[in-house]
file input_39.txt (compact mmCIF, C-alpha atoms and all ligand atoms)
# COMPACT_ATOMS: atom_id res chain seq x y z
CA MET W 373 150.65 80.48 9.64
CA GLY W 374 150.38 80.94 13.37
CA LYS W 375 153.60 81.48 15.30
CA LYS W 376 154.71 80.48 18.76
CA ILE W 377 154.95 83.72 20.69
CA ALA W 378 155.83 84.42 24.32
CA VAL W 379 154.26 87.56 25.79
CA LEU W 380 156.76 88.80 28.33
CA MET W 381 154.97 90.85 30.99
CA GLY W 382 154.77 91.90 34.63
CA GLY W 383 158.23 92.19 36.10
CA LYS W 384 159.13 94.55 38.90
CA SER W 385 159.15 98.06 37.39
CA ALA W 386 157.00 100.86 38.77
CA GLU W 387 154.83 100.37 35.68
CA LYS W 388 154.12 96.70 36.34
CA GLU W 389 150.34 97.16 36.47
CA ILE W 390 150.20 98.74 33.01
CA SER W 391 152.50 96.02 31.70
CA LEU W 392 150.08 93.34 32.91
CA MET W 393 147.18 95.08 31.15
CA THR W 394 149.24 95.56 27.97
CA GLY W 395 150.28 91.89 28.08
CA GLU W 396 146.73 90.65 28.53
CA GLN W 397 145.48 92.72 25.61
CA ILE W 398 148.32 91.52 23.36
CA PHE W 399 147.85 87.89 24.43
CA ASN W 400 144.16 88.05 23.47
CA ALA W 401 144.93 89.62 20.08
CA LEU W 402 147.57 86.96 19.35
CA ALA W 403 145.16 84.16 20.18
CA LYS W 404 142.50 85.80 18.00
CA ASN W 405 145.00 86.07 15.14
CA GLY W 406 145.67 82.32 15.31
CA HIS W 407 149.05 82.37 17.05
CA ASN W 408 150.08 79.99 19.79
CA ALA W 409 150.69 82.53 22.55
CA VAL W 410 152.03 81.90 26.02
CA LYS W 411 152.24 84.41 28.87
CA VAL W 412 155.59 84.65 30.64
CA ASN W 413 156.08 86.68 33.80
CA LEU W 414 159.43 88.47 33.92
CA ASP W 415 161.27 86.84 36.80
CA GLU W 416 164.43 84.75 37.14
CA ASN W 417 162.69 81.71 35.59
CA ALA W 418 161.49 83.61 32.50
CA TRP W 419 164.52 82.79 30.35
CA GLU W 420 164.37 79.05 30.89
CA LYS W 421 160.66 79.07 30.17
CA ILE W 422 161.15 81.04 26.95
CA LYS W 423 163.90 78.66 25.86
CA LYS W 424 161.84 75.56 26.65
CA GLU W 425 158.83 76.88 24.73
CA ASN W 426 161.07 77.24 21.65
CA VAL W 427 159.27 80.42 20.57
CA ASP W 428 159.53 82.19 17.21
CA LEU W 429 159.31 85.57 18.89
CA VAL W 430 159.08 87.27 22.27
CA PHE W 431 156.49 90.05 22.40
CA ILE W 432 157.89 92.41 25.03
CA ALA W 433 154.90 93.83 26.91
CA LEU W 434 157.00 95.58 29.54
CA HIS W 435 157.17 99.27 30.40
CA GLY W 436 159.85 101.17 32.26
CA ARG W 437 163.02 99.65 33.63
CA TRP W 438 163.91 95.99 33.20
CA GLY W 439 162.06 95.69 29.91
CA GLU W 440 161.71 98.95 28.00
CA ASP W 441 165.29 99.98 28.75
CA GLY W 442 167.43 97.51 26.76
CA THR W 443 168.10 95.00 29.53
CA VAL W 444 165.63 92.37 28.33
CA GLN W 445 166.58 93.13 24.71
CA GLY W 446 170.22 92.36 25.59
CA MET W 447 169.35 89.02 27.18
CA LEU W 448 167.25 88.02 24.15
CA ASP W 449 170.07 89.06 21.80
CA ILE W 450 172.42 86.79 23.74
CA MET W 451 169.89 83.96 23.54
CA ASP W 452 169.44 84.73 19.83
CA ILE W 453 165.65 84.92 20.12
CA PRO W 454 163.78 87.52 18.04
CA TYR W 455 161.76 90.11 19.99
CA THR W 456 159.48 93.05 19.28
CA GLY W 457 160.50 96.69 18.98
CA SER W 458 163.75 98.59 19.26
CA GLY W 459 167.14 97.05 20.08
CA ILE W 460 169.35 97.59 23.11
CA LEU W 461 170.73 101.04 22.38
CA ALA W 462 167.53 102.80 21.27
CA SER W 463 165.68 101.24 24.21
CA ALA W 464 168.29 102.49 26.67
CA LEU W 465 168.36 105.95 25.10
CA GLY W 466 164.56 106.20 25.17
CA MET W 467 164.56 105.35 28.87
CA ASN W 468 167.11 108.04 29.72
CA LYS W 469 165.36 111.39 29.27
CA LEU W 470 168.57 113.32 29.88
CA ILE W 471 170.65 111.65 27.14
CA ALA W 472 167.63 111.64 24.81
CA LYS W 473 167.20 115.42 25.26
CA LYS W 474 170.89 115.98 24.54
CA LEU W 475 170.46 114.04 21.29
CA PHE W 476 167.30 116.02 20.41
CA SER W 477 169.26 119.25 20.87
CA TYR W 478 172.02 117.98 18.58
CA GLU W 479 169.39 117.16 15.94
CA ASN W 480 167.66 120.56 16.33
CA ILE W 481 164.53 118.94 17.71
CA ASN W 482 162.97 121.43 20.08
CA THR W 483 162.80 120.22 23.71
CA PRO W 484 162.16 122.17 26.96
CA LEU W 485 165.26 123.72 28.57
CA PHE W 486 166.72 121.55 31.30
CA LEU W 487 169.22 121.00 34.10
CA ALA W 488 170.18 117.70 35.72
CA ILE W 489 171.11 116.88 39.33
CA SER W 490 172.66 113.69 40.64
CA LYS W 491 171.99 112.16 44.05
CA LYS W 492 175.37 113.04 45.50
CA ASP W 493 174.47 116.74 45.19
CA TYR W 494 171.12 116.05 46.79
CA LYS W 495 172.81 115.21 50.09
CA ASP W 496 174.18 118.76 50.28
CA GLU W 497 171.31 121.15 51.07
CA ASN W 498 173.38 124.25 50.20
CA LYS W 499 174.19 122.87 46.78
CA LEU W 500 170.55 121.99 46.23
CA CYS W 501 169.46 125.54 47.06
CA LEU W 502 171.98 126.82 44.51
CA PHE W 503 170.45 124.45 41.94
CA PHE W 504 167.04 125.92 42.72
CA GLU W 505 168.30 129.46 42.07
CA GLU W 506 170.02 128.36 38.87
CA ALA W 507 166.87 126.55 37.68
CA LYS W 508 164.67 129.57 38.41
CA GLU W 509 167.05 131.73 36.42
CA LYS W 510 167.56 129.36 33.49
CA LEU W 511 164.18 127.60 33.26
CA GLY W 512 161.81 130.23 34.68
CA SER W 513 159.10 129.55 37.22
CA PRO W 514 157.32 127.22 37.69
CA PHE W 515 159.49 124.35 36.49
CA VAL W 516 159.09 120.57 36.33
CA VAL W 517 161.02 118.00 38.39
CA LYS W 518 161.19 114.40 37.12
CA PRO W 519 163.34 111.28 37.47
CA VAL W 520 165.64 110.78 34.45
CA SER W 521 164.48 107.17 33.97
CA GLU W 522 160.83 106.55 34.70
CA GLY W 523 157.53 106.45 32.83
CA SER W 524 153.77 106.85 33.27
CA ALA W 525 154.28 110.26 34.88
CA ILE W 526 155.76 108.57 37.97
CA GLY W 527 157.60 110.91 40.33
CA ILE W 528 156.85 114.06 38.26
CA ASN W 529 155.99 117.35 39.96
CA ILE W 530 155.69 121.00 39.03
CA VAL W 531 157.28 123.39 41.52
CA ASN W 532 156.69 127.08 42.27
CA ASN W 533 159.07 127.70 45.18
CA LYS W 534 162.05 126.33 47.09
CA GLY W 535 159.92 124.32 49.54
CA GLU W 536 158.07 122.56 46.74
CA PHE W 537 161.34 121.99 44.91
CA LEU W 538 162.99 120.27 47.89
CA GLU W 539 159.95 118.04 48.33
CA ALA W 540 159.70 117.21 44.60
CA ALA W 541 163.43 116.46 44.39
CA LYS W 542 163.17 114.06 47.33
CA LYS W 543 160.28 112.23 45.64
CA ALA W 544 162.02 112.06 42.26
CA PHE W 545 165.23 110.75 43.87
CA ASP W 546 163.17 107.87 45.31
CA PHE W 547 163.03 106.56 41.74
CA ASP W 548 166.41 107.45 40.33
CA ASN W 549 169.92 108.64 41.13
CA HIS W 550 169.54 111.40 38.54
CA ILE W 551 166.73 113.91 38.16
CA LEU W 552 165.80 116.44 35.48
CA LEU W 553 164.62 119.97 36.11
CA GLU W 554 162.72 121.11 33.04
CA GLN W 555 161.19 124.33 31.75
CA PHE W 556 157.40 124.14 32.25
CA ILE W 557 155.59 124.36 28.91
CA LYS W 558 152.00 125.54 29.06
CA GLY W 559 150.07 124.17 26.13
CA LYS W 560 148.24 121.27 24.56
CA GLU W 561 149.63 117.83 25.24
CA VAL W 562 149.86 115.62 22.20
CA THR W 563 151.42 112.33 21.23
CA VAL W 564 152.46 110.85 17.87
CA GLY W 565 152.62 107.12 17.19
CA ILE W 566 155.33 105.86 14.81
CA LEU W 567 155.36 102.50 12.99
CA GLY W 568 158.04 101.09 10.69
CA ASN W 569 161.74 100.33 10.24
CA ASP W 570 163.65 102.21 7.53
CA ASP W 571 160.74 104.41 6.41
CA PRO W 572 158.51 104.70 9.44
CA VAL W 573 155.04 106.26 9.17
CA ASP W 574 153.45 108.55 11.72
CA PHE W 575 149.90 108.26 13.02
CA PRO W 576 147.59 111.29 13.29
CA VAL W 577 148.47 113.65 16.16
CA LEU W 578 146.43 112.70 19.24
CA GLU W 579 145.56 115.31 21.87
CA ILE W 580 145.34 114.41 25.55
CA VAL W 581 142.86 116.54 27.50
CA PRO W 582 142.82 116.19 31.28
CA LYS W 583 139.28 116.01 32.66
CA LYS W 584 140.19 118.39 35.45
CA ASP W 585 142.78 121.11 35.41
CA PHE W 586 145.09 119.46 37.92
CA TYR W 587 148.83 119.11 38.19
CA ASP W 588 148.85 115.59 39.54
CA TYR W 589 150.27 113.91 36.47
CA GLU W 590 149.92 110.42 37.88
CA ALA W 591 146.17 110.97 38.34
CA LYS W 592 145.88 112.45 34.88
CA TYR W 593 147.40 109.35 33.32
CA SER W 594 145.26 106.82 35.15
CA PRO W 595 142.30 105.33 33.25
CA GLY W 596 139.52 107.87 32.80
CA GLY W 597 141.71 110.75 33.93
CA SER W 598 141.85 112.26 30.48
CA GLU W 599 140.07 112.38 27.12
CA HIS W 600 141.69 111.79 23.76
CA ILE W 601 140.96 113.82 20.64
CA VAL W 602 142.17 112.80 17.14
CA PRO W 603 143.23 114.77 15.24
CA ALA W 604 144.52 117.23 17.84
CA ARG W 605 142.92 120.70 17.83
CA ILE W 606 146.03 122.47 16.58
CA SER W 607 146.85 124.32 13.38
CA GLY W 608 148.03 122.61 10.20
CA SER W 609 151.54 123.94 10.62
CA GLN W 610 151.65 122.79 14.26
CA GLN W 611 150.54 119.31 13.11
CA GLU W 612 153.35 119.30 10.57
CA LYS W 613 155.87 120.34 13.20
CA CYS W 614 154.68 117.60 15.60
CA ARG W 615 154.94 114.93 12.91
CA ASP W 616 158.35 116.13 11.77
CA PHE W 617 159.77 116.30 15.32
CA ALA W 618 158.24 112.92 16.25
CA LEU W 619 159.73 111.12 13.27
CA ARG W 620 163.09 112.80 13.76
CA ALA W 621 163.10 112.04 17.51
CA HIS W 622 162.31 108.37 16.77
CA ASN W 623 165.19 108.25 14.28
CA ALA W 624 167.57 110.28 16.48
CA LEU W 625 167.46 107.49 19.08
CA GLY W 626 167.72 104.78 16.41
CA CYS W 627 164.24 103.37 17.18
CA ARG W 628 162.86 100.49 15.14
CA VAL W 629 159.42 98.94 14.62
CA PHE W 630 157.37 101.29 16.78
CA SER W 631 157.41 104.10 19.32
CA ARG W 632 155.24 106.92 20.64
CA VAL W 633 156.59 110.44 20.97
CA ASP W 634 155.15 112.80 23.62
CA LEU W 635 155.08 116.52 22.83
CA ILE W 636 153.61 119.80 24.08
CA VAL W 637 152.28 122.41 21.66
CA SER W 638 152.41 125.94 23.05
CA GLU W 639 151.94 129.33 21.45
CA GLU W 640 155.72 129.67 21.30
CA GLY W 641 156.32 126.36 19.55
CA VAL W 642 156.32 122.58 19.63
CA TYR W 643 158.43 120.74 22.23
CA VAL W 644 159.39 117.06 22.38
CA LEU W 645 159.25 115.60 25.91
CA GLU W 646 160.24 111.99 25.30
CA VAL W 647 160.16 108.88 23.12
CA ASN W 648 158.40 105.78 24.51
CA THR W 649 159.96 102.73 22.87
CA ILE W 650 157.25 100.38 24.19
CA PRO W 651 154.03 102.41 24.27
CA GLY W 652 151.08 101.23 26.37
CA MET W 653 148.84 98.77 24.54
CA THR W 654 145.87 98.52 26.89
CA GLU W 655 142.34 99.13 25.65
CA PHE W 656 142.49 102.76 26.78
CA SER W 657 146.03 103.38 25.51
CA LEU W 658 147.06 106.18 23.18
CA TYR W 659 149.11 104.27 20.59
CA PRO W 660 146.38 101.80 19.50
CA GLU W 661 143.86 104.63 19.49
CA ALA W 662 146.00 106.70 17.13
CA ALA W 663 146.52 103.62 14.92
CA LYS W 664 142.75 103.16 14.76
CA ALA W 665 142.35 106.74 13.56
CA MET W 666 144.55 105.68 10.67
CA GLY W 667 142.30 102.68 9.99
CA ILE W 668 144.58 100.09 11.63
CA GLU W 669 142.62 97.88 14.02
CA PHE W 670 144.34 96.51 17.13
CA SER W 671 144.77 92.95 15.81
CA ASP W 672 146.23 94.24 12.52
CA LEU W 673 148.54 96.54 14.46
CA ILE W 674 149.86 93.55 16.42
CA GLU W 675 150.50 91.66 13.15
CA ARG W 676 152.38 94.65 11.69
CA ILE W 677 154.55 94.86 14.82
CA ILE W 678 155.35 91.13 14.60
CA GLU W 679 156.20 91.37 10.90
CA LEU W 680 158.41 94.46 11.31
CA SER W 681 160.15 92.97 14.34
CA LEU W 682 160.98 89.68 12.60
CA GLN W 683 162.23 91.64 9.60
CA GLU W 684 164.36 93.86 11.81
CA ARG W 685 165.89 91.00 13.78
CA LYS W 686 166.69 89.16 10.57
CA THR W 687 168.17 91.99 8.53
CA GLY W 688 168.91 94.85 10.88
CA THR W 689 171.91 95.32 13.08
CA LYS W 690 170.84 94.08 16.47
CA THR W 691 171.91 97.33 18.05
CA PRO W 692 170.58 99.96 15.63
CA SER W 693 173.12 102.51 14.58
CA LEU W 694 172.22 106.15 15.06
CA LYS W 695 171.32 107.94 11.88
CA ASN W 696 172.88 111.27 11.02
N1 LIG W 701 158.30 120.33 30.71
C1 LIG W 701 157.02 120.05 30.93
N2 LIG W 701 156.08 121.03 30.85
C2 LIG W 701 154.78 120.75 31.10
N3 LIG W 701 154.31 119.53 31.43
C3 LIG W 701 155.19 118.51 31.52
C4 LIG W 701 156.59 118.72 31.27
N4 LIG W 701 157.21 117.54 31.45
C5 LIG W 701 156.28 116.64 31.76
N5 LIG W 701 155.05 117.21 31.80
C6 LIG W 701 153.80 116.51 32.12
O1 LIG W 701 154.07 115.23 32.67
C7 LIG W 701 153.68 114.19 31.76
C8 LIG W 701 154.70 113.07 31.75
O2 LIG W 701 155.97 113.57 31.35
P1 LIG W 701 156.93 112.79 30.40
O3 LIG W 701 158.17 113.59 30.27
O4 LIG W 701 156.23 112.43 29.13
O5 LIG W 701 157.31 111.49 31.25
P2 LIG W 701 156.66 110.03 31.38
O6 LIG W 701 155.48 109.95 30.47
O7 LIG W 701 157.77 109.11 30.99
O8 LIG W 701 156.33 109.89 32.82
C9 LIG W 701 153.53 114.89 30.44
O9 LIG W 701 152.67 114.20 29.57
C10 LIG W 701 152.99 116.24 30.87
O10 LIG W 701 151.64 116.13 31.26
MG MG W 702 155.26 110.62 28.56
call {"tool": "encode", "arguments": {"input": "input_39.txt", "output": "structure tokens"}}
result
Amino acid sequence: MGKKIAVLMGGKSAEKEISLMTGEQIFNALAKNGHNAVKVNLDENAWEKIKKENVDLVFIALHGRWGEDGTVQGMLDIMDIPYTGSGILASALGMNKLIAKKLFSYENINTPLFLAISKKDYKDENKLCLFFEEAKEKLGSPFVVKPVSEGSAIGINIVNNKGEFLEAAKKAFDFDNHILLEQFIKGKEVTVGILGNDDPVDFPVLEIVPKKDFYDYEAKYSPGGSEHIVPARISGSQQEKCRDFALRAHNALGCRVFSRVDLIVSEEGVYVLEVNTIPGMTEFSLYPEAAKAMGIEFSDLIERIIELSLQERKTGTKTPSLKN
């Protein structure tokens, strides 16, 4: 039977535009599947609207902060309204690349070497120059500069020298009080979709090929900026490694229902970059495309997510505990 579902979208994060596209796509699929769907923009009136609509479920179609990071999940927990995807803790951990990488290291999940800088150090140019020297020594050159909590390749730059580093740090600090300096991994970019609660399944490894060999990550991730190949053109053992790391990374953060894990496959090994707890769901998005390669059409995928989410909210702990 059809359910009453609010699609929570928009908001004010840097990824608002993608959220609106994701929300639209989900809304259409829900209507097609016979649900009574209503779009709700994330603003201060959203909660009252959700309450008044007396919904069975909130489908969270938000990316980045204020939505993918546990904040909205916390509010819905307080209101006792079921919602899609991971709970508060996993969402917050997925949003914080620094803490996530520390957990990956603990779980022996390979991730690029890293250093972190906070904004108070940024004010001191001498200190910043020392960080540059330390990064060059520890991470090699070039290295990557990114905000700790952002998505969609926002604020990410690759730096070759001190001048570029100072510029990249300034840009990254526009988005966050903490930034990551990360070892640059040259290799094939891949992503693995995960679906499920206690025994999640992984989708075939999807390779992302930029149309041009450029280092502007934001351009690469805009529609048409890259091609997708499934299964990825990597060896059988590399596929295995990607799948193993992706599943373990998903579990290390305590994710539920679904996620998408970004990795880089180089000649030296496989590296996990991050876990996206609410992957993009637009028509050109990676997660639905990988699901399709597994024979799961978009509308069926949405139904699976609803089912798993309702099951999780009913039986799971609302804040998933971290597995050993
Ligand atoms: N350490 C790295 N080495 C090489 N490329 C990287 C590295 N970190 C990020 N990138 C590039 O930037 C993209 C986005 O980085 P990611 O860490 O996944 O952040 P987000 O997707 O949240 O913006 C990656 O898909 C990749 O193209
Ligand atoms: Mg990513």
call {"tool": "closest_atom_pairs", "arguments": {"input": "input_39.txt", "of": "chain W", "to": "ligand MG 702 (chain W)", "cutoff": "10 Å", "atoms": "all atoms listed in the file", "output": "Markdown table"}}
result
| residue | atom | partner | partner_atom | distance |
| --- | --- | --- | --- | --- |
| W:Glu522 | CA | W:MG702 | MG | 9.2 |
| W:Gly523 | CA | W:MG702 | MG | 6.4 |
| W:Ser524 | CA | W:MG702 | MG | 6.2 |
| W:Ala525 | CA | W:MG702 | MG | 6.4 |
| W:Ile526 | CA | W:MG702 | MG | 9.6 |
| W:Glu561 | CA | W:MG702 | MG | 9.7 |
| W:Val562 | CA | W:MG702 | MG | 9.7 |
| W:Thr563 | CA | W:MG702 | MG | 8.4 |
| W:Tyr589 | CA | W:MG702 | MG | 9.9 |
| W:Tyr593 | CA | W:MG702 | MG | 9.3 |
| W:Arg632 | CA | W:MG702 | MG | 8.7 |
| W:Val633 | CA | W:MG702 | MG | 7.7 |
| W:Asp634 | CA | W:MG702 | MG | 5.4 |
| W:Leu635 | CA | W:MG702 | MG | 8.2 |
| W:Val644 | CA | W:MG702 | MG | 9.8 |
| W:Leu645 | CA | W:MG702 | MG | 6.9 |
| W:Glu646 | CA | W:MG702 | MG | 6.1 |
| W:Val647 | CA | W:MG702 | MG | 7.5 |
| W:Asn648 | CA | W:MG702 | MG | 7.0 |
| W:Pro651 | CA | W:MG702 | MG | 9.3 |
call {"tool": "residues_around", "arguments": {"input": "input_39.txt", "residues": "W:Asn468", "least_positions_apart": "2", "cutoff": "6 Å", "atoms": "only C-alpha atoms", "output": "PDB file with C-alpha atoms, in the frame of the given file"}}
result
ATOM      1  CA  LEU W 465     168.360 105.950  25.100  1.00  0.00           C
ATOM      2  CA  GLY W 466     164.560 106.200  25.170  1.00  0.00           C
ATOM      3  CA  LEU W 470     168.570 113.320  29.880  1.00  0.00           C
ATOM      4  CA  ILE W 471     170.650 111.650  27.140  1.00  0.00           C
ATOM      5  CA  VAL W 520     165.640 110.780  34.450  1.00  0.00           C
ATOM      6  CA  SER W 521     164.480 107.170  33.970  1.00  0.00           C
TER       7      SER W 521
END
call {"tool": "atom_distance", "arguments": {"input": "input_39.txt", "atom1": "atom CA of W:Glu509", "atom2": "atom CA of W:Asn532"}}
result
12.8 Å
call {"tool": "atom_distance", "arguments": {"input": "input_39.txt", "atom1": "atom CA of W:Lys510", "atom2": "atom CA of W:Gln610"}}
result
25.8 Å
call {"tool": "atom_distance", "arguments": {"input": "input_39.txt", "atom1": "atom CA of W:His600", "atom2": "atom CA of W:Val577"}}
result
10.4 Å
call {"tool": "closest_residue", "arguments": {"input": "input_39.txt", "among": "W:Gly442, W:Gly597, W:Gly382, W:Pro572", "to": "ligand LIG 701 (chain W)", "atoms": "only C-alpha atoms and all ligand atoms"}}
result
W:Gly597
call {"tool": "closest_residue", "arguments": {"input": "input_39.txt", "among": "W:Ala462, W:Leu538, W:Leu502, W:Val516", "to": "ligand LIG 701 (chain W)", "atoms": "only C-alpha atoms and all ligand atoms"}}
result
W:Val516
call {"tool": "residues_around", "arguments": {"input": "input_39.txt", "residues": "stretch 444-457 of chain W", "least_positions_apart": "6", "cutoff": "10 Å", "atoms": "all atoms listed in the file", "output": "PyMOL selection string"}}
result
chain W and resi 377-380+414+419+422-423+426-434+437-438+463-464+567-569+627-631+649-650+677-686+690-691
